[in-house]
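Inspection log for the structure reproduced underneath, given as structure tokens.
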Amino acid sequence: MKNQEIRLSIEGMGCASCVGKIEKKLAAVDGIVSANINLVDRTARIEARPDTLETNIIDAIESAGSYQAKVLVSNEDESKKHEAEQAHLNYRIKQSALAILTGFPLMAASMLGLLPTLENQGFWLFIALATFGIMAYSGSHYFKGAWNGLKHKNTSMDTLVAMGTGVAWLYSTLVVLMPDLVPEASRHVYFEAALIVIALVNIGHVMEARARGKTNQAIEKLLSLQAKTARVLRDGKEMDIPIEEVLVGDVVRVRPGEKIPVDGSIIEGTSFVDESMLTGEPMPVSKSAHDEVIAGTMNDSGTFLYTATRIGAETTLAQIIETVRRAQSAKPDIARLVDKVASIFVPVVILLAFSTAMFWWLVMDNTTLALVTSMTMLLIACPCALGLATPISMIVGIGKAAESGILIRKGEALERMAHLTTIVLDKTGTITEGKPQVTDVQTSDNINQDDVLALAAAVETGSEHPLGKAIVDAAQTKNLELPSAQNFVATTGGGVSAQVDNQTIHIGNVSFLAENGIKMEGKWLNDAENMAKQAKTPVFLAKNNEIIAIIAIADPIKAETKQAITKLHALGLKVQMLTGDHEQTAWAVAKEVGIDVVTAQVKPDDKDNVIARLQKNGEIVGMVGDGINDAAALARANVGFAIAHGSDIAIESADVVLMRSNLTAIPDAIRISSATLTNIKQNLWGAFIYNSLAIPVAAGVLFVSMGLLLNPMLAGAAMAMSSVTVVSNANRLRFFKV
């Protein structure tokens, strides 16, 4: 049986160390194949064996600390999750407001000398109790998280904040109750600092969460495309029903200006449909009978009826949303390294803070510096920004690609695309329209062209090949009567054969005919060469082992292909064409679009080998194709790009799916990849430099030598703002122009 995939929301995650703790717990659960925790949207995506119980997974997550996990099944669950997050943020704002309204007046009064001296023990005891109550309300989540972490023998950001503010309050209370135990020079209280730190960290989380909310606008836009109701015809009546009640086979009516509720095929009427949100193509697409329509796209002008073919999670839109989510939760290698660093960062910071305190207290005999430096270090060195640096940029980058009609199926592909050195393009359906047309029928003397076309069409009726379909279409256009064919045999990459009126017919390329013992006269080769020079594919027809005709078939080049290849060259990429077509035909197409390396007459099995040879020569290869015969090469390539209108096998084998059929999406995807990697590096360097400088600064190495001291309140603000800065920098990608 196929492994199950489970997606959960996780409440209580605060920093990158939480990710490592949860993933470690999940790794110990029997049946879990892989687990990816996303700190940005607070979710987990887990692949598990079919017999793995969801309750075991939830128990493992909640045993890692102060976390609550819940399975996400539907988009309705997603909406509830967003509502719960918003309510949570509103509560954090209330918590922050109380701490600020108390802490800042207390700090101002202290700076202005308006507060009584410490000898007024009753006043300060009241302040101690009041601040304790406010800390319990405004910062309870930090203390609960730290306590749960202690019970489970792990640490997190909660530990740092709880220790920093808790030590400040305990020390201040000690000064009030037992001043004789503290050297006179160190008799200072930090009640207001504890309150303001908690308020600032809370506010930082709110700002970070709101900035994070902007990162996933691509998913939100896709979700907003889903219609709520559908108008279906049942029992001769039209009725509006919830989209969840639509069944496969239902006949659905769509009127002008309405969203298409589910995927289907038009049976009556014509219209133009705006598919821009899914494909990135700005112009509405003409639709008529037998054309496919996609859920979430917008009907423009006409009214039509269509039959529902895919509903619910099976619709193209639902699968796109799920694919984007899956890719966004994937972790490139650099993110896994950061998670490992972050998982040991908090214990190291606590050890350094303790060592710093001991140094200033025991060696330098300065209790005030011991307290202030250790508290500041605990607050300023939290690795929140480090944990957010990679996933936040991945989410924005993959979402940006989706908005441009570029569906990144595997998160690792976003990282690899920026490093590609060679792009290999299939010809038919990729460079060209993939809709070949018969242009010439050249026959032996005294043989009627229509008779040859009818004979060829009779054999090709059983073929799935585009060239075969072009021959059948040409015969149907002329309303030719086709004879009956038996014993049809197709040779992949070569041609077809069958029996027609007790005569053996072979149709295919030169190598196919040679393999079947059919000799090729010079005249036919010359004619074929002339056709190939005109970018036409010559298809030979032999009757009873004698060639009697050549059918020339041309496939129009897509309008945007040359522009796309020019852009790829401008990015410094080598571009090659790989095709099973005749070499001269391939070169004619290549010269027209600006490709200077061609590998022609390649069998499907050999496409994979061509990619492997390029990789062996040091090339990092991107393969673009749309057919079943491209699947192996797409899977072999460092990044496989599939055209969305291609075969399902090709799409499943690819890392990236191009929802628009033109190749300009390839350079756009590579540019988005490069911009995202640059953004990740900026975030990582910023977070790394911040933490590297923050620790010695907080320890007093720099500031004390200058006669200054870093205030713990500034440390709390700096820690919070470091995360906000990383998230804000990632959000710049949303404005990247493709």
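In the structure tokens, chains take letters A, B, ... by order of appearance, with residues numbered from 1 within each chain and ligands from 1 in the order shown.
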Among range 519-597 of chain A, which ones does DSSP assign to helix (DSSP H, G or I) (computed from the backbone)? Answer as a compact mmCIF listing (two decimals) with all heavy atoms, in the first residue's frame.
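File written: part19.txt
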```txt
# COMPACT_ATOMS: atom_id res chain seq x y z
N GLY A 522 18.36 6.60 -53.84
CA GLY A 522 18.92 7.95 -53.73
C GLY A 522 17.89 9.04 -53.92
O GLY A 522 17.94 10.08 -53.28
N LYS A 523 16.93 8.79 -54.84
CA LYS A 523 15.91 9.81 -55.12
C LYS A 523 15.13 10.14 -53.85
O LYS A 523 14.88 11.31 -53.54
CB LYS A 523 14.96 9.29 -56.21
CG LYS A 523 13.72 10.16 -56.42
CD LYS A 523 12.78 9.51 -57.42
CE LYS A 523 11.52 10.33 -57.62
NZ LYS A 523 10.75 10.51 -56.37
N TRP A 524 14.70 9.09 -53.14
CA TRP A 524 13.92 9.33 -51.92
C TRP A 524 14.74 10.06 -50.85
O TRP A 524 14.23 10.94 -50.16
CB TRP A 524 13.40 8.00 -51.36
CG TRP A 524 12.41 7.30 -52.24
CD1 TRP A 524 12.55 6.08 -52.83
CD2 TRP A 524 11.12 7.77 -52.62
NE1 TRP A 524 11.43 5.75 -53.57
CE2 TRP A 524 10.53 6.79 -53.46
CE3 TRP A 524 10.39 8.95 -52.36
CZ2 TRP A 524 9.26 6.92 -54.03
CZ3 TRP A 524 9.13 9.08 -52.93
CH2 TRP A 524 8.57 8.09 -53.75
N LEU A 525 16.01 9.70 -50.76
CA LEU A 525 16.86 10.36 -49.77
C LEU A 525 17.04 11.84 -50.10
O LEU A 525 17.03 12.70 -49.21
CB LEU A 525 18.22 9.67 -49.71
CG LEU A 525 18.25 8.29 -49.04
CD1 LEU A 525 19.62 7.65 -49.18
CD2 LEU A 525 17.87 8.41 -47.57
N ASN A 526 17.21 12.15 -51.38
CA ASN A 526 17.36 13.56 -51.79
C ASN A 526 16.09 14.36 -51.50
O ASN A 526 16.14 15.49 -51.01
CB ASN A 526 17.69 13.64 -53.29
CG ASN A 526 19.09 13.13 -53.58
OD1 ASN A 526 19.95 13.15 -52.71
ND2 ASN A 526 19.32 12.67 -54.82
N ASP A 527 14.94 13.75 -51.82
CA ASP A 527 13.66 14.43 -51.55
C ASP A 527 13.47 14.67 -50.05
O ASP A 527 13.01 15.74 -49.62
CB ASP A 527 12.49 13.61 -52.10
CG ASP A 527 12.47 13.57 -53.63
OD1 ASP A 527 13.14 14.43 -54.24
OD2 ASP A 527 11.79 12.70 -54.20
N ALA A 528 13.83 13.64 -49.28
CA ALA A 528 13.70 13.76 -47.83
C ALA A 528 14.62 14.85 -47.29
O ALA A 528 14.25 15.62 -46.39
CB ALA A 528 14.02 12.43 -47.16
N GLU A 529 15.81 14.95 -47.87
CA GLU A 529 16.77 15.95 -47.42
C GLU A 529 16.25 17.36 -47.70
O GLU A 529 16.38 18.28 -46.87
CB GLU A 529 18.11 15.72 -48.13
CG GLU A 529 19.22 16.63 -47.62
CD GLU A 529 20.56 16.30 -48.26
OE1 GLU A 529 20.71 15.18 -48.81
OE2 GLU A 529 21.45 17.15 -48.20
N ASN A 530 15.66 17.54 -48.87
CA ASN A 530 15.10 18.86 -49.21
C ASN A 530 13.95 19.24 -48.27
O ASN A 530 13.81 20.40 -47.87
CB ASN A 530 14.61 18.85 -50.67
CG ASN A 530 15.76 18.78 -51.65
OD1 ASN A 530 16.86 19.26 -51.35
ND2 ASN A 530 15.53 18.18 -52.82
N MET A 531 13.13 18.25 -47.95
CA MET A 531 12.04 18.52 -46.99
C MET A 531 12.60 18.91 -45.62
O MET A 531 12.12 19.84 -44.97
CB MET A 531 11.15 17.28 -46.85
CG MET A 531 10.32 16.94 -48.08
SD MET A 531 9.39 15.41 -47.83
CE MET A 531 8.54 15.27 -49.42
N ALA A 532 13.62 18.18 -45.20
CA ALA A 532 14.20 18.43 -43.88
C ALA A 532 14.80 19.83 -43.80
O ALA A 532 14.74 20.48 -42.75
CB ALA A 532 15.26 17.38 -43.57
N LYS A 533 15.38 20.31 -44.88
CA LYS A 533 15.96 21.66 -44.90
C LYS A 533 14.89 22.73 -44.69
O LYS A 533 15.19 23.85 -44.30
CB LYS A 533 16.69 21.90 -46.23
CG LYS A 533 18.00 21.13 -46.35
CD LYS A 533 18.65 21.39 -47.70
CE LYS A 533 19.96 20.61 -47.82
NZ LYS A 533 20.61 20.79 -49.15
N THR A 561 9.26 30.94 -28.60
CA THR A 561 10.42 30.08 -28.40
C THR A 561 11.74 30.81 -28.60
O THR A 561 12.66 30.70 -27.78
CB THR A 561 10.35 28.86 -29.35
OG1 THR A 561 9.19 28.09 -29.03
CG2 THR A 561 11.58 27.99 -29.19
N LYS A 562 11.87 31.55 -29.68
CA LYS A 562 13.13 32.24 -29.96
C LYS A 562 13.45 33.24 -28.86
O LYS A 562 14.61 33.35 -28.42
CB LYS A 562 13.04 32.95 -31.32
CG LYS A 562 14.37 33.54 -31.78
CD LYS A 562 14.30 34.04 -33.21
CE LYS A 562 15.65 34.55 -33.67
NZ LYS A 562 15.62 35.01 -35.08
N GLN A 563 12.45 33.96 -28.39
CA GLN A 563 12.64 34.94 -27.31
C GLN A 563 13.12 34.23 -26.04
O GLN A 563 14.03 34.72 -25.35
CB GLN A 563 11.32 35.67 -27.04
CG GLN A 563 11.39 36.65 -25.87
CD GLN A 563 10.00 37.14 -25.49
OE1 GLN A 563 9.01 36.76 -26.08
NE2 GLN A 563 9.93 37.99 -24.47
N ALA A 564 12.53 33.09 -25.74
CA ALA A 564 12.91 32.34 -24.54
C ALA A 564 14.35 31.87 -24.61
O ALA A 564 15.10 31.97 -23.62
CB ALA A 564 11.97 31.15 -24.35
N ILE A 565 14.76 31.38 -25.77
CA ILE A 565 16.13 30.87 -25.92
C ILE A 565 17.13 32.01 -25.84
O ILE A 565 18.22 31.87 -25.26
CB ILE A 565 16.25 30.08 -27.23
CG1 ILE A 565 15.44 28.78 -27.09
CG2 ILE A 565 17.70 29.78 -27.57
CD1 ILE A 565 15.24 28.02 -28.36
N THR A 566 16.77 33.17 -26.38
CA THR A 566 17.63 34.35 -26.25
C THR A 566 17.82 34.71 -24.78
O THR A 566 18.93 35.04 -24.33
CB THR A 566 17.00 35.55 -27.00
OG1 THR A 566 16.87 35.21 -28.38
CG2 THR A 566 17.87 36.79 -26.86
N LYS A 567 16.74 34.63 -24.00
CA LYS A 567 16.83 34.93 -22.56
C LYS A 567 17.70 33.91 -21.82
O LYS A 567 18.45 34.26 -20.92
CB LYS A 567 15.43 34.96 -21.94
CG LYS A 567 14.60 36.17 -22.31
CD LYS A 567 13.25 36.14 -21.60
CE LYS A 567 12.44 37.40 -21.88
NZ LYS A 567 11.13 37.38 -21.17
N LEU A 568 17.58 32.63 -22.22
CA LEU A 568 18.41 31.60 -21.59
C LEU A 568 19.89 31.82 -21.88
O LEU A 568 20.74 31.67 -20.98
CB LEU A 568 17.98 30.21 -22.09
CG LEU A 568 16.62 29.71 -21.58
CD1 LEU A 568 16.20 28.45 -22.33
CD2 LEU A 568 16.66 29.45 -20.08
N HIS A 569 20.20 32.19 -23.11
CA HIS A 569 21.59 32.50 -23.45
C HIS A 569 22.08 33.71 -22.65
O HIS A 569 23.23 33.73 -22.20
CB HIS A 569 21.72 32.78 -24.96
CG HIS A 569 21.73 31.54 -25.80
ND1 HIS A 569 21.13 31.46 -27.04
CD2 HIS A 569 22.25 30.31 -25.57
CE1 HIS A 569 21.30 30.24 -27.54
NE2 HIS A 569 21.96 29.52 -26.66
N ALA A 570 21.21 34.70 -22.48
CA ALA A 570 21.58 35.89 -21.71
C ALA A 570 21.89 35.56 -20.26
O ALA A 570 22.67 36.26 -19.59
CB ALA A 570 20.46 36.94 -21.79
N GLU A 583 17.62 14.48 -38.62
CA GLU A 583 18.66 15.44 -38.24
C GLU A 583 18.53 16.77 -38.97
O GLU A 583 18.67 17.83 -38.36
CB GLU A 583 20.05 14.83 -38.48
CG GLU A 583 21.15 15.71 -37.92
CD GLU A 583 22.46 14.96 -37.74
OE1 GLU A 583 22.47 13.72 -37.86
OE2 GLU A 583 23.46 15.63 -37.49
N GLN A 584 18.27 16.71 -40.26
CA GLN A 584 18.19 17.98 -41.01
C GLN A 584 16.96 18.79 -40.59
O GLN A 584 17.02 20.01 -40.53
CB GLN A 584 18.17 17.69 -42.51
CG GLN A 584 19.55 17.29 -43.05
CD GLN A 584 19.54 17.17 -44.55
OE1 GLN A 584 18.69 16.49 -45.11
NE2 GLN A 584 20.47 17.83 -45.22
N THR A 585 15.87 18.11 -40.32
CA THR A 585 14.68 18.81 -39.82
C THR A 585 14.98 19.48 -38.49
O THR A 585 14.62 20.64 -38.25
CB THR A 585 13.51 17.82 -39.64
OG1 THR A 585 13.28 17.14 -40.87
CG2 THR A 585 12.25 18.55 -39.21
N ALA A 586 15.66 18.74 -37.63
CA ALA A 586 16.01 19.27 -36.32
C ALA A 586 16.91 20.50 -36.44
O ALA A 586 16.70 21.51 -35.76
CB ALA A 586 16.71 18.20 -35.49
N TRP A 587 17.91 20.41 -37.34
CA TRP A 587 18.81 21.56 -37.51
C TRP A 587 18.09 22.76 -38.11
O TRP A 587 18.40 23.91 -37.76
CB TRP A 587 20.00 21.16 -38.40
CG TRP A 587 21.13 20.57 -37.61
CD1 TRP A 587 21.55 19.27 -37.61
CD2 TRP A 587 21.96 21.26 -36.69
NE1 TRP A 587 22.59 19.10 -36.73
CE2 TRP A 587 22.87 20.31 -36.17
CE3 TRP A 587 22.04 22.58 -36.26
CZ2 TRP A 587 23.85 20.65 -35.22
CZ3 TRP A 587 23.01 22.92 -35.32
CH2 TRP A 587 23.90 21.97 -34.80
N ALA A 588 17.15 22.52 -39.00
CA ALA A 588 16.39 23.63 -39.57
C ALA A 588 15.62 24.38 -38.49
O ALA A 588 15.60 25.62 -38.46
CB ALA A 588 15.43 23.11 -40.64
N VAL A 589 15.00 23.63 -37.57
CA VAL A 589 14.28 24.26 -36.45
C VAL A 589 15.26 24.96 -35.52
O VAL A 589 15.03 26.09 -35.08
CB VAL A 589 13.47 23.19 -35.67
CG1 VAL A 589 12.88 23.80 -34.40
CG2 VAL A 589 12.37 22.61 -36.54
N ALA A 590 16.39 24.30 -35.24
CA ALA A 590 17.39 24.85 -34.31
C ALA A 590 17.92 26.20 -34.80
O ALA A 590 18.07 27.15 -34.03
CB ALA A 590 18.53 23.86 -34.13
N LYS A 591 18.23 26.27 -36.11
CA LYS A 591 18.76 27.52 -36.65
C LYS A 591 17.74 28.64 -36.58
O LYS A 591 18.09 29.81 -36.34
CB LYS A 591 19.21 27.30 -38.11
CG LYS A 591 20.48 26.46 -38.22
CD LYS A 591 20.86 26.20 -39.67
CE LYS A 591 22.11 25.32 -39.76
NZ LYS A 591 22.46 24.98 -41.16
N GLU A 592 16.48 28.29 -36.76
CA GLU A 592 15.44 29.32 -36.73
C GLU A 592 15.27 29.92 -35.33
O GLU A 592 14.98 31.10 -35.20
CB GLU A 592 14.12 28.73 -37.21
CG GLU A 592 13.02 29.79 -37.38
CD GLU A 592 11.80 29.25 -38.08
OE1 GLU A 592 11.90 28.19 -38.74
OE2 GLU A 592 10.74 29.89 -37.99
N VAL A 593 15.47 29.13 -34.29
CA VAL A 593 15.22 29.62 -32.92
C VAL A 593 16.51 29.99 -32.17
O VAL A 593 16.45 30.51 -31.06
CB VAL A 593 14.43 28.59 -32.09
CG1 VAL A 593 13.07 28.36 -32.71
CG2 VAL A 593 15.19 27.28 -31.94
```
I'd like the contact shell of Ser34 in chain A - 10 Å cut-off, only C-alpha atoms, skipping same-chain residues fewer than 4 positions apart - returned as a tab-separated table (two decimals) with all heavy atoms, in the first residue's frame.
```tsv
chain	number	residue	atom	x	y	z
A	5	GLU	N	0.22	10.56	3.69
A	5	GLU	CA	0.81	11.86	3.98
A	5	GLU	C	-0.12	12.62	4.92
A	5	GLU	O	-1.30	12.76	4.64
A	5	GLU	CB	1.03	12.65	2.70
A	5	GLU	CG	1.89	13.90	2.91
A	5	GLU	CD	2.29	14.56	1.60
A	5	GLU	OE1	1.52	15.41	1.14
A	5	GLU	OE2	3.34	14.21	1.05
A	23	GLU	N	11.30	17.27	15.27
A	23	GLU	CA	11.74	16.31	14.26
A	23	GLU	C	12.47	15.12	14.90
A	23	GLU	O	12.36	13.99	14.44
A	23	GLU	CB	12.63	17.00	13.23
A	23	GLU	CG	11.86	17.92	12.30
A	23	GLU	CD	12.71	18.52	11.19
A	23	GLU	OE1	13.94	18.48	11.32
A	23	GLU	OE2	12.13	19.03	10.21
A	26	LEU	N	9.79	12.86	16.32
A	26	LEU	CA	9.07	12.16	15.26
A	26	LEU	C	9.92	11.05	14.63
A	26	LEU	O	9.41	10.02	14.21
A	26	LEU	CB	8.63	13.16	14.18
A	26	LEU	CG	7.50	14.11	14.60
A	26	LEU	CD1	7.29	15.17	13.53
A	26	LEU	CD2	6.20	13.35	14.84
A	27	ALA	N	11.22	11.28	14.57
A	27	ALA	CA	12.11	10.27	13.99
A	27	ALA	C	12.09	8.97	14.79
A	27	ALA	O	12.39	7.90	14.25
A	27	ALA	CB	13.54	10.82	13.92
A	45	ARG	N	4.61	18.31	7.88
A	45	ARG	CA	4.19	17.42	6.79
A	45	ARG	C	4.92	16.11	6.99
A	45	ARG	O	6.15	16.06	6.98
A	45	ARG	CB	4.51	18.04	5.42
A	45	ARG	CG	3.98	17.21	4.25
A	45	ARG	CD	4.27	17.88	2.94
A	45	ARG	NE	3.50	19.09	2.78
A	45	ARG	CZ	2.24	19.13	2.35
A	45	ARG	NH1	1.62	18.01	2.04
A	45	ARG	NH2	1.61	20.27	2.23
A	46	ILE	N	4.15	15.05	7.18
A	46	ILE	CA	4.72	13.76	7.58
A	46	ILE	C	4.32	12.68	6.58
A	46	ILE	O	3.15	12.55	6.24
A	46	ILE	CB	4.25	13.39	9.00
A	46	ILE	CG1	4.83	14.40	10.00
A	46	ILE	CG2	4.68	11.97	9.37
A	46	ILE	CD1	4.15	14.40	11.32
A	47	GLU	N	5.31	11.91	6.13
A	47	GLU	CA	5.05	10.73	5.32
A	47	GLU	C	5.19	9.52	6.24
A	47	GLU	O	6.22	9.36	6.91
A	47	GLU	CB	6.02	10.63	4.15
A	47	GLU	CG	5.74	9.43	3.25
A	47	GLU	CD	6.78	9.25	2.17
A	47	GLU	OE1	7.66	10.12	2.03
A	47	GLU	OE2	6.73	8.22	1.46
A	48	ALA	N	4.15	8.70	6.30
A	48	ALA	CA	4.16	7.56	7.22
A	48	ALA	C	3.57	6.33	6.55
A	48	ALA	O	2.81	6.43	5.58
A	48	ALA	CB	3.37	7.90	8.49
```
>> DSSP on the backbone: which residues in range 426-520 of chain A end up as strand (DSSP E or B)? Give the answer as a ChimeraX atom specification.
In response: /A:426,432,437-443,485-491,495-500,503-508
>> Give me the residues near Val175 in chain A as a PyMOL selection string, where near means some atom within 9 Å (using only C-alpha atoms) and where sequence neighbours in that chain fewer than 2 positions away do not count.
In response: chain A and resi 118+170-173+177-182+186-189
Would you save the residues from that selection as a PDB file, in the first residue's frame, using C-alpha atoms?
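Now in out-v5.pdb:
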```pdb
ATOM      1  CA  LEU A 118      14.791  51.050  48.400  1.00  0.00           C
ATOM      2  CA  LEU A 170      14.180  37.361  41.382  1.00  0.00           C
ATOM      3  CA  TYR A 171      17.301  39.501  41.757  1.00  0.00           C
ATOM      4  CA  SER A 172      15.203  42.668  42.148  1.00  0.00           C
ATOM      5  CA  THR A 173      12.983  40.989  44.755  1.00  0.00           C
ATOM      6  CA  LEU A 177      13.601  41.809  50.750  1.00  0.00           C
ATOM      7  CA  MET A 178      17.196  41.132  51.772  1.00  0.00           C
ATOM      8  CA  PRO A 179      19.330  44.090  50.696  1.00  0.00           C
ATOM      9  CA  ASP A 180      22.152  43.133  53.055  1.00  0.00           C
ATOM     10  CA  LEU A 181      22.921  40.066  50.924  1.00  0.00           C
ATOM     11  CA  VAL A 182      23.743  42.304  47.942  1.00  0.00           C
ATOM     12  CA  SER A 186      24.792  46.523  43.101  1.00  0.00           C
ATOM     13  CA  ARG A 187      21.507  47.336  44.830  1.00  0.00           C
ATOM     14  CA  HIS A 188      19.467  48.098  41.703  1.00  0.00           C
ATOM     15  CA  VAL A 189      16.052  46.754  40.716  1.00  0.00           C
TER      16      VAL A 189
END
```
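Taking CA of Ala64 in chain A and CA of Val348 in chain A as endpoints, the distance between them is 19.4 Å.
Among the candidates A:Gly164, A:Pro242, A:Gly429, A:Gly493, the residue lying nearest to Gly139 in chain A is A:Gly164 (atoms considered: only C-alpha atoms).
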